[in-house]
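To start, the structure itself, in structure tokens.
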Amino acid sequence: MTTTLLPAGATPAKTPDRRRVTRPGRVVLYAFLGLGSLAMVLPFVWMMLSSLKSRRELSTFGWLPSNPQWSNYRDAMSVAPFGRYFLNSFVIATGQTLLTLLFATAAGYALARTPMRGRGPLFGFTLVMLMVPGYVTLIPQFVIIKSMPLFGGNDLLGQGGTGWLDTWWALLVPGAVAPFYVFLARQFYVGLPGELAEAARLDGLSEYGIFVRILTPLIKPALATIGVFQFQAAWNNFLWPLLVTRDDRMRPIQLGLALFSQDINVQWNYLMAGATLAALPMVLLFLVAQRYFIEGIASAGLKG
């Protein structure tokens, strides 16, 4: 350790404490982020507070309930079989998430690390599919589901019956994979060192073994990000279950909430109570997976 000798009577120069320096741009940034966070949180807070109000209180705008009506939750759950709706939503969201993790990671690994021809055009096709709105494929998907051969009374040509309508197949299979998740998984596989796969191949490990045992355990942030996104999309999906289900026993929670708003006289207090309960699983899921989720979102765009 060396010391610098100063002339007699000289005082060392003070170095500026950068921690105390507040830049105007940083203040503006924090203020903008704070306003944005407040704008996103306020509707959720208003929904929870409104779920504790009576129908008379909801006729006029106000934030705090004068007399919290906790019975709104009990009454809302007794209007329809919401226990069944929650179970259906959980099965649909969990099933689609597991299938998406399987297919998206397998396709992403194939596009990133397998020595096969045509990887470039296939990846380009995946990017093109990212630009296609999901609503464009609703009618083709519905026709395919309804015309599924040898299901629901259909013949070998897919005629004469209902196919997969009102079945778990219709609720699980069409949402099992999406181009965005394939792209995201591929980006993470590309970011891993290529020497890992090459060394495993030299040791005689198969592509399946490399995929399952070597590379996939290293992309936990991608798995968490894909899982949270897909679970949220499946849990909140309304239009597709509305198209393919007619049996009340097959419907998810989002269709159950529509029972409170089918006529002019909307039961807002019950609707807000049911919506609050429907949002809790997603909040809990994010709290559990937030570390990996944030890491995955932050680093996804940095993979080359």
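Residues are named by chain letter and number: chains run A, B, ... in the order of the structure tokens, numbers start at 1 in each chain, and ligands are numbered from 1 in the order shown.
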Q. Which polymer residues have any atom within 9 Å of an atom of stretch 282-285 of chain A, counting only C-alpha atoms, with same-chain residues fewer than 5 positions away left out, as a ChimeraX atom specification?
A. /A:228,231-232,235,290
Take the selection from the previous step and output its residues with C-alpha atoms, as a PDB file, in the first residue's frame.
ATOM      1  CA  VAL A 228     -45.736 -16.731 -16.176  1.00  0.00           C
ATOM      2  CA  PHE A 231     -50.289 -19.069 -17.353  1.00  0.00           C
ATOM      3  CA  GLN A 232     -51.510 -15.472 -17.366  1.00  0.00           C
ATOM      4  CA  TRP A 235     -56.047 -17.850 -17.030  1.00  0.00           C
ATOM      5  CA  GLN A 290     -40.578 -12.670  -9.922  1.00  0.00           C
TER       6      GLN A 290
END
**Q.** 12 Å contact set for A:Pro217, only C-alpha atoms, chain neighbours under 5 positions out, as a PyMOL selection string
**A.** chain A and resi 105+188-189+192+209-212+222-224
For the residues in that selection, give me all heavy atoms as a tab-separated table (two decimals), in the first residue's frame.
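The result, stored in again.tsv:
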chain	number	residue	atom	x	y	z
A	105	THR	N	-39.51	-25.00	-25.58
A	105	THR	CA	-38.09	-25.27	-25.32
A	105	THR	C	-37.52	-26.26	-26.34
A	105	THR	O	-36.37	-26.12	-26.77
A	105	THR	CB	-37.89	-25.82	-23.90
A	105	THR	OG1	-38.77	-26.94	-23.70
A	105	THR	CG2	-38.21	-24.75	-22.87
A	188	PHE	N	-32.45	-17.69	-25.55
A	188	PHE	CA	-31.68	-18.10	-24.38
A	188	PHE	C	-30.73	-19.24	-24.70
A	188	PHE	O	-29.61	-19.29	-24.20
A	188	PHE	CB	-32.63	-18.50	-23.25
A	188	PHE	CG	-33.06	-17.34	-22.40
A	188	PHE	CD1	-34.13	-16.55	-22.77
A	188	PHE	CD2	-32.39	-17.05	-21.22
A	188	PHE	CE1	-34.53	-15.49	-21.99
A	188	PHE	CE2	-32.77	-15.98	-20.44
A	188	PHE	CZ	-33.84	-15.19	-20.81
A	189	TYR	N	-31.17	-20.18	-25.53
A	189	TYR	CA	-30.26	-21.27	-25.93
A	189	TYR	C	-29.07	-20.74	-26.72
A	189	TYR	O	-27.95	-21.24	-26.58
A	189	TYR	CB	-31.01	-22.31	-26.75
A	189	TYR	CG	-31.86	-23.25	-25.93
A	189	TYR	CD1	-33.23	-23.30	-26.10
A	189	TYR	CD2	-31.28	-24.09	-24.98
A	189	TYR	CE1	-34.02	-24.17	-25.35
A	189	TYR	CE2	-32.06	-24.96	-24.23
A	189	TYR	CZ	-33.42	-24.99	-24.42
A	189	TYR	OH	-34.19	-25.85	-23.67
A	192	LEU	N	-26.19	-19.45	-24.56
A	192	LEU	CA	-25.35	-20.39	-23.81
A	192	LEU	C	-24.09	-20.72	-24.60
A	192	LEU	O	-24.09	-20.70	-25.83
A	192	LEU	CB	-26.13	-21.67	-23.52
A	192	LEU	CG	-27.38	-21.53	-22.64
A	192	LEU	CD1	-28.07	-22.88	-22.50
A	192	LEU	CD2	-27.02	-20.98	-21.27
A	209	GLY	N	-30.46	-35.98	-24.57
A	209	GLY	CA	-29.76	-35.82	-23.30
A	209	GLY	C	-29.17	-34.43	-23.15
A	209	GLY	O	-29.19	-33.86	-22.05
A	210	ILE	N	-28.62	-33.87	-24.23
A	210	ILE	CA	-28.08	-32.51	-24.18
A	210	ILE	C	-29.20	-31.52	-23.87
A	210	ILE	O	-29.03	-30.59	-23.06
A	210	ILE	CB	-27.39	-32.16	-25.51
A	210	ILE	CG1	-26.22	-33.10	-25.76
A	210	ILE	CG2	-26.94	-30.71	-25.53
A	210	ILE	CD1	-25.59	-32.93	-27.13
A	211	PHE	N	-30.33	-31.72	-24.51
A	211	PHE	CA	-31.47	-30.83	-24.31
A	211	PHE	C	-31.99	-30.88	-22.87
A	211	PHE	O	-32.22	-29.84	-22.24
A	211	PHE	CB	-32.58	-31.20	-25.30
A	211	PHE	CG	-33.91	-30.59	-25.00
A	211	PHE	CD1	-34.09	-29.22	-25.00
A	211	PHE	CD2	-35.01	-31.40	-24.72
A	211	PHE	CE1	-35.33	-28.67	-24.72
A	211	PHE	CE2	-36.24	-30.86	-24.44
A	211	PHE	CZ	-36.40	-29.48	-24.44
A	212	VAL	N	-32.18	-32.09	-22.34
A	212	VAL	CA	-32.82	-32.24	-21.03
A	212	VAL	C	-31.84	-32.05	-19.88
A	212	VAL	O	-32.14	-31.36	-18.90
A	212	VAL	CB	-33.49	-33.63	-20.93
A	212	VAL	CG1	-34.04	-33.87	-19.52
A	212	VAL	CG2	-34.60	-33.75	-21.96
A	222	ALA	N	-35.70	-18.13	-18.54
A	222	ALA	CA	-36.58	-18.26	-19.70
A	222	ALA	C	-37.79	-19.12	-19.36
A	222	ALA	O	-38.92	-18.80	-19.75
A	222	ALA	CB	-35.83	-18.85	-20.88
A	223	LEU	N	-37.58	-20.20	-18.63
A	223	LEU	CA	-38.69	-21.07	-18.25
A	223	LEU	C	-39.69	-20.33	-17.37
A	223	LEU	O	-40.91	-20.46	-17.54
A	223	LEU	CB	-38.17	-22.31	-17.52
A	223	LEU	CG	-37.20	-23.21	-18.30
A	223	LEU	CD1	-36.76	-24.38	-17.45
A	223	LEU	CD2	-37.84	-23.70	-19.60
A	224	ALA	N	-39.18	-19.54	-16.43
A	224	ALA	CA	-40.07	-18.77	-15.57
A	224	ALA	C	-40.84	-17.72	-16.35
A	224	ALA	O	-42.04	-17.51	-16.13
A	224	ALA	CB	-39.28	-18.12	-14.43
Q) If you count only C-alpha atoms, which residues fall within 8 Å of A:Gly256, apart from same-chain ones fewer than 6 positions away, as a ChimeraX atom specification? A) /A:80,82,85
Write out, as an mmCIF file, in the first residue's frame, the residues just selected, with N, CA and C atoms.
data_model
loop_
_atom_site.group_PDB
_atom_site.id
_atom_site.type_symbol
_atom_site.label_atom_id
_atom_site.label_comp_id
_atom_site.auth_asym_id
_atom_site.auth_seq_id
_atom_site.Cartn_x
_atom_site.Cartn_y
_atom_site.Cartn_z
ATOM 1 N N ALA A 80 -73.142 -18.922 -8.750
ATOM 2 C CA ALA A 80 -72.843 -19.946 -9.753
ATOM 3 C C ALA A 80 -71.778 -20.874 -9.182
ATOM 4 N N PHE A 82 -68.699 -21.362 -8.822
ATOM 5 C CA PHE A 82 -67.400 -20.746 -9.048
ATOM 6 C C PHE A 82 -66.254 -21.659 -8.632
ATOM 7 N N TYR A 85 -65.545 -23.356 -11.748
ATOM 8 C CA TYR A 85 -64.905 -22.442 -12.690
ATOM 9 C C TYR A 85 -63.427 -22.253 -12.359
#
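Computed from the coordinates, the atom CA of A:Thr60 to atom CA of A:Leu280 distance equals 26.5 Å.
When only C-alpha atoms are used to measure the gap to A:Leu171, the shortest distance among A:Asn72, A:Asn88, A:Ser37, A:Ser66 belongs to A:Asn88.
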Q: Return as a ChimeraX atom specification the full set of residues in stretch 105-298 of chain A whose backbone-based DSSP assignment is helix (DSSP H, G or I).
A: /A:105-113,119-130,134-146,168-172,179-191,194-202,207-218,220-235,239-244,248-250,253-261,268-298
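Atom CA of A:Gly175 sits 27.9 Å away from atom CA of A:Ala273.
Residue nearest A:Ala93 within the list A:Val173, A:Leu49, A:Val143, A:Leu130: A:Val173 [criterion: smallest interatomic distance, only C-alpha atoms].
Minimum atom-to-atom distances from A:Arg119, A:Arg249, A:Arg23, A:Arg56 to A:Thr167 were compared using only C-alpha atoms, and the lowest value belongs to A:Arg249.
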Q: Would you mind listing what lies within 10 Å of A:Tyr109 as a list in words, with only C-alpha atoms counted and same-chain residues fewer than 2 positions away left out?
A: Phe103, Ala104, Thr105, Ala106, Ala107, Leu111, Ala112, Arg113, Thr114, Val182, Ala185, Arg186, Gln187, Phe188, Tyr189, Val190, Glu207, Ile210, Phe211, Leu215 and Thr216 of chain A
May I have the residues from that selection written out with N, CA, C and O atoms, as a short mmCIF file (atom, residue, chain, number, x, y, z; two decimals), in the first residue's frame?
data_model
loop_
_atom_site.label_atom_id
_atom_site.label_comp_id
_atom_site.auth_asym_id
_atom_site.auth_seq_id
_atom_site.Cartn_x
_atom_site.Cartn_y
_atom_site.Cartn_z
N PHE A 103 -43.02 -27.80 -25.63
CA PHE A 103 -42.88 -27.57 -27.07
C PHE A 103 -42.00 -26.36 -27.38
O PHE A 103 -41.21 -26.40 -28.33
N ALA A 104 -42.12 -25.28 -26.61
CA ALA A 104 -41.34 -24.07 -26.89
C ALA A 104 -39.85 -24.32 -26.66
O ALA A 104 -39.01 -23.90 -27.47
N THR A 105 -39.51 -25.00 -25.58
CA THR A 105 -38.09 -25.27 -25.32
C THR A 105 -37.52 -26.26 -26.34
O THR A 105 -36.37 -26.12 -26.77
N ALA A 106 -38.31 -27.28 -26.72
CA ALA A 106 -37.83 -28.24 -27.71
C ALA A 106 -37.60 -27.55 -29.05
O ALA A 106 -36.56 -27.76 -29.70
N ALA A 107 -38.56 -26.72 -29.48
CA ALA A 107 -38.39 -26.00 -30.75
C ALA A 107 -37.26 -24.98 -30.67
O ALA A 107 -36.49 -24.82 -31.62
N LEU A 111 -33.89 -24.95 -33.00
CA LEU A 111 -33.52 -23.81 -33.83
C LEU A 111 -32.18 -23.20 -33.43
O LEU A 111 -31.54 -22.52 -34.24
N ALA A 112 -31.75 -23.44 -32.21
CA ALA A 112 -30.53 -22.79 -31.74
C ALA A 112 -29.31 -23.69 -31.78
O ALA A 112 -28.21 -23.24 -32.12
N ARG A 113 -29.46 -25.00 -31.47
CA ARG A 113 -28.28 -25.82 -31.22
C ARG A 113 -28.17 -27.10 -32.03
O ARG A 113 -27.10 -27.70 -32.04
N THR A 114 -29.22 -27.56 -32.65
CA THR A 114 -29.10 -28.81 -33.39
C THR A 114 -28.44 -28.57 -34.75
O THR A 114 -28.78 -27.61 -35.44
N VAL A 182 -41.37 -19.71 -28.54
CA VAL A 182 -40.30 -20.40 -29.27
C VAL A 182 -39.13 -19.44 -29.49
O VAL A 182 -37.96 -19.79 -29.30
N ALA A 185 -37.31 -18.84 -26.10
CA ALA A 185 -36.47 -19.98 -25.71
C ALA A 185 -35.24 -20.08 -26.60
O ALA A 185 -34.12 -20.34 -26.11
N ARG A 186 -35.42 -19.85 -27.89
CA ARG A 186 -34.29 -19.93 -28.80
C ARG A 186 -33.22 -18.89 -28.45
O ARG A 186 -32.01 -19.18 -28.50
N GLN A 187 -33.65 -17.68 -28.07
CA GLN A 187 -32.69 -16.63 -27.72
C GLN A 187 -31.85 -17.03 -26.51
O GLN A 187 -30.65 -16.74 -26.47
N PHE A 188 -32.45 -17.69 -25.55
CA PHE A 188 -31.68 -18.10 -24.38
C PHE A 188 -30.73 -19.24 -24.70
O PHE A 188 -29.61 -19.29 -24.20
N TYR A 189 -31.17 -20.18 -25.53
CA TYR A 189 -30.26 -21.27 -25.93
C TYR A 189 -29.07 -20.74 -26.72
O TYR A 189 -27.95 -21.24 -26.58
N VAL A 190 -29.31 -19.74 -27.56
CA VAL A 190 -28.21 -19.15 -28.33
C VAL A 190 -27.21 -18.48 -27.40
O VAL A 190 -26.00 -18.47 -27.67
N GLU A 207 -28.83 -35.95 -28.51
CA GLU A 207 -29.41 -34.61 -28.54
C GLU A 207 -30.48 -34.46 -27.46
O GLU A 207 -30.62 -33.40 -26.85
N ILE A 210 -28.62 -33.87 -24.23
CA ILE A 210 -28.08 -32.51 -24.18
C ILE A 210 -29.20 -31.52 -23.87
O ILE A 210 -29.03 -30.59 -23.06
N PHE A 211 -30.33 -31.72 -24.51
CA PHE A 211 -31.47 -30.83 -24.31
C PHE A 211 -31.99 -30.88 -22.87
O PHE A 211 -32.22 -29.84 -22.24
N LEU A 215 -28.46 -28.31 -21.24
CA LEU A 215 -28.76 -26.92 -21.57
C LEU A 215 -30.03 -26.39 -20.91
O LEU A 215 -30.05 -25.25 -20.43
N THR A 216 -31.10 -27.15 -20.90
CA THR A 216 -32.37 -26.64 -20.37
C THR A 216 -32.27 -26.23 -18.90
O THR A 216 -32.85 -25.21 -18.52
#
Q) Which of these, A:Phe90, A:Phe151, A:Trp268, A:Phe229, has the shortest distance to A:Leu172 once you count only C-alpha atoms? A) A:Phe90
Q: Name all residues at most 8 Å from A:Gly227 (count only C-alpha atoms; drop same-chain ones fewer than 6 positions away) and give them as number ranges by chain.
A: A: 97-98, 100-101
Include C-alpha atoms and write out the residues we just selected as an mmCIF file, in the first residue's frame.
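selection.cif was written with the following content:
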data_model
loop_
_atom_site.group_PDB
_atom_site.id
_atom_site.type_symbol
_atom_site.label_atom_id
_atom_site.label_comp_id
_atom_site.auth_asym_id
_atom_site.auth_seq_id
_atom_site.Cartn_x
_atom_site.Cartn_y
_atom_site.Cartn_z
ATOM 1 C CA THR A 97 -48.260 -23.909 -19.459
ATOM 2 C CA LEU A 98 -46.729 -27.385 -19.203
ATOM 3 C CA THR A 100 -45.930 -24.703 -23.872
ATOM 4 C CA LEU A 101 -42.779 -25.234 -21.811
#
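The closest residue to A:Asn67, picked from A:Ala199, A:Leu42, A:Leu52, A:Ala279 and counting only C-alpha atoms, is A:Leu52.
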Q. Of the candidates A:Tyr30, A:Tyr270, A:Tyr208, A:Phe238, which shows the shortest atom-to-atom distance to A:Ser89, using only C-alpha atoms?
A. A:Phe238
Residues within 12 Å of A:Gly134, only C-alpha atoms, excluding chain neighbours under 2 positions, as a short mmCIF file (atom, residue, chain, number, x, y, z; two decimals) with all heavy atoms, in the first residue's frame:
data_model
loop_
_atom_site.label_atom_id
_atom_site.label_comp_id
_atom_site.auth_asym_id
_atom_site.auth_seq_id
_atom_site.Cartn_x
_atom_site.Cartn_y
_atom_site.Cartn_z
N MET A 129 -44.48 -15.36 -38.06
CA MET A 129 -45.68 -15.70 -37.30
C MET A 129 -45.89 -14.78 -36.11
O MET A 129 -47.02 -14.63 -35.62
CB MET A 129 -45.60 -17.15 -36.83
CG MET A 129 -45.67 -18.18 -37.95
SD MET A 129 -47.18 -18.01 -38.94
CE MET A 129 -48.43 -18.36 -37.69
N LEU A 130 -44.81 -14.16 -35.62
CA LEU A 130 -44.97 -13.19 -34.54
C LEU A 130 -45.80 -11.99 -34.97
O LEU A 130 -46.41 -11.32 -34.13
CB LEU A 130 -43.59 -12.72 -34.06
CG LEU A 130 -42.77 -13.70 -33.23
CD1 LEU A 130 -41.39 -13.13 -32.99
CD2 LEU A 130 -43.46 -13.98 -31.90
N MET A 131 -45.81 -11.70 -36.25
CA MET A 131 -46.51 -10.52 -36.75
C MET A 131 -47.97 -10.79 -37.09
O MET A 131 -48.70 -9.87 -37.45
CB MET A 131 -45.79 -9.99 -38.00
CG MET A 131 -44.31 -9.73 -37.79
SD MET A 131 -43.48 -9.23 -39.32
CE MET A 131 -41.77 -9.27 -38.79
N VAL A 132 -48.41 -12.04 -36.97
CA VAL A 132 -49.79 -12.39 -37.30
C VAL A 132 -50.64 -12.24 -36.05
O VAL A 132 -50.39 -12.90 -35.04
CB VAL A 132 -49.89 -13.83 -37.82
CG1 VAL A 132 -51.33 -14.20 -38.12
CG2 VAL A 132 -49.03 -13.99 -39.07
N VAL A 136 -56.72 -13.41 -36.08
CA VAL A 136 -56.81 -13.85 -37.47
C VAL A 136 -56.97 -15.37 -37.55
O VAL A 136 -57.62 -15.89 -38.45
CB VAL A 136 -55.56 -13.39 -38.25
CG1 VAL A 136 -55.55 -13.96 -39.66
CG2 VAL A 136 -55.49 -11.87 -38.28
N THR A 137 -56.39 -16.09 -36.59
CA THR A 137 -56.42 -17.55 -36.63
C THR A 137 -57.58 -18.16 -35.85
O THR A 137 -57.69 -19.39 -35.77
CB THR A 137 -55.10 -18.10 -36.05
OG1 THR A 137 -54.96 -17.67 -34.69
CG2 THR A 137 -53.91 -17.60 -36.85
N LEU A 138 -58.45 -17.33 -35.28
CA LEU A 138 -59.55 -17.87 -34.47
C LEU A 138 -60.50 -18.75 -35.31
O LEU A 138 -60.83 -19.87 -34.91
CB LEU A 138 -60.34 -16.74 -33.82
CG LEU A 138 -59.76 -16.16 -32.53
CD1 LEU A 138 -60.63 -15.02 -32.03
CD2 LEU A 138 -59.63 -17.23 -31.46
N ILE A 139 -60.93 -18.24 -36.45
CA ILE A 139 -61.88 -19.00 -37.28
C ILE A 139 -61.25 -20.27 -37.83
O ILE A 139 -61.86 -21.35 -37.75
CB ILE A 139 -62.44 -18.10 -38.40
CG1 ILE A 139 -63.27 -16.96 -37.80
CG2 ILE A 139 -63.28 -18.92 -39.38
CD1 ILE A 139 -63.82 -15.99 -38.81
N PRO A 140 -60.03 -20.24 -38.40
CA PRO A 140 -59.42 -21.50 -38.82
C PRO A 140 -59.27 -22.51 -37.69
O PRO A 140 -59.51 -23.71 -37.88
CB PRO A 140 -58.07 -21.07 -39.39
CG PRO A 140 -58.26 -19.65 -39.80
CD PRO A 140 -59.19 -19.09 -38.79
N GLN A 141 -58.87 -22.05 -36.51
CA GLN A 141 -58.74 -22.96 -35.38
C GLN A 141 -60.08 -23.56 -35.00
O GLN A 141 -60.18 -24.76 -34.70
CB GLN A 141 -58.13 -22.23 -34.18
CG GLN A 141 -56.64 -21.99 -34.29
CD GLN A 141 -56.08 -21.32 -33.04
OE1 GLN A 141 -56.83 -20.80 -32.21
NE2 GLN A 141 -54.78 -21.31 -32.91
N PRO A 174 -55.03 -25.98 -28.64
CA PRO A 174 -54.73 -24.80 -29.47
C PRO A 174 -53.82 -23.78 -28.81
O PRO A 174 -53.09 -23.06 -29.50
CB PRO A 174 -56.12 -24.21 -29.73
CG PRO A 174 -57.05 -25.35 -29.60
CD PRO A 174 -56.47 -26.19 -28.51
N GLY A 175 -53.83 -23.72 -27.49
CA GLY A 175 -52.96 -22.75 -26.81
C GLY A 175 -51.68 -23.35 -26.28
O GLY A 175 -51.04 -22.77 -25.39
N ALA A 178 -46.82 -21.03 -28.82
CA ALA A 178 -46.95 -19.77 -29.54
C ALA A 178 -45.58 -19.37 -30.07
O ALA A 178 -44.54 -19.70 -29.46
CB ALA A 178 -47.50 -18.67 -28.63
N PRO A 179 -45.51 -18.69 -31.21
CA PRO A 179 -44.21 -18.32 -31.80
C PRO A 179 -43.34 -17.48 -30.87
O PRO A 179 -42.12 -17.61 -30.89
CB PRO A 179 -44.60 -17.55 -33.06
CG PRO A 179 -45.98 -18.01 -33.39
CD PRO A 179 -46.64 -18.30 -32.08
N PHE A 180 -43.97 -16.62 -30.06
CA PHE A 180 -43.17 -15.76 -29.17
C PHE A 180 -42.37 -16.59 -28.18
O PHE A 180 -41.21 -16.29 -27.88
CB PHE A 180 -44.09 -14.79 -28.44
CG PHE A 180 -43.39 -14.00 -27.37
CD1 PHE A 180 -42.49 -13.00 -27.71
CD2 PHE A 180 -43.61 -14.26 -26.03
CE1 PHE A 180 -41.82 -12.28 -26.73
CE2 PHE A 180 -42.96 -13.55 -25.05
CZ PHE A 180 -42.06 -12.55 -25.39
N LEU A 239 -62.27 -15.22 -24.89
CA LEU A 239 -62.92 -15.41 -26.18
C LEU A 239 -62.88 -16.86 -26.64
O LEU A 239 -63.90 -17.40 -27.10
CB LEU A 239 -62.28 -14.49 -27.22
CG LEU A 239 -62.91 -14.50 -28.62
CD1 LEU A 239 -64.39 -14.16 -28.54
CD2 LEU A 239 -62.18 -13.53 -29.54
N TRP A 240 -61.71 -17.52 -26.55
CA TRP A 240 -61.61 -18.89 -27.06
C TRP A 240 -62.50 -19.87 -26.27
O TRP A 240 -63.23 -20.65 -26.88
CB TRP A 240 -60.16 -19.34 -27.06
CG TRP A 240 -59.99 -20.74 -27.59
CD1 TRP A 240 -59.64 -21.86 -26.88
CD2 TRP A 240 -60.18 -21.17 -28.94
NE1 TRP A 240 -59.60 -22.95 -27.70
CE2 TRP A 240 -59.93 -22.57 -28.98
CE3 TRP A 240 -60.54 -20.53 -30.12
CZ2 TRP A 240 -60.01 -23.32 -30.14
CZ3 TRP A 240 -60.63 -21.28 -31.28
CH2 TRP A 240 -60.37 -22.65 -31.28
#
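From atom CA of A:Gly95 back to atom CA of A:Thr276, the distance works out to 23.1 Å.
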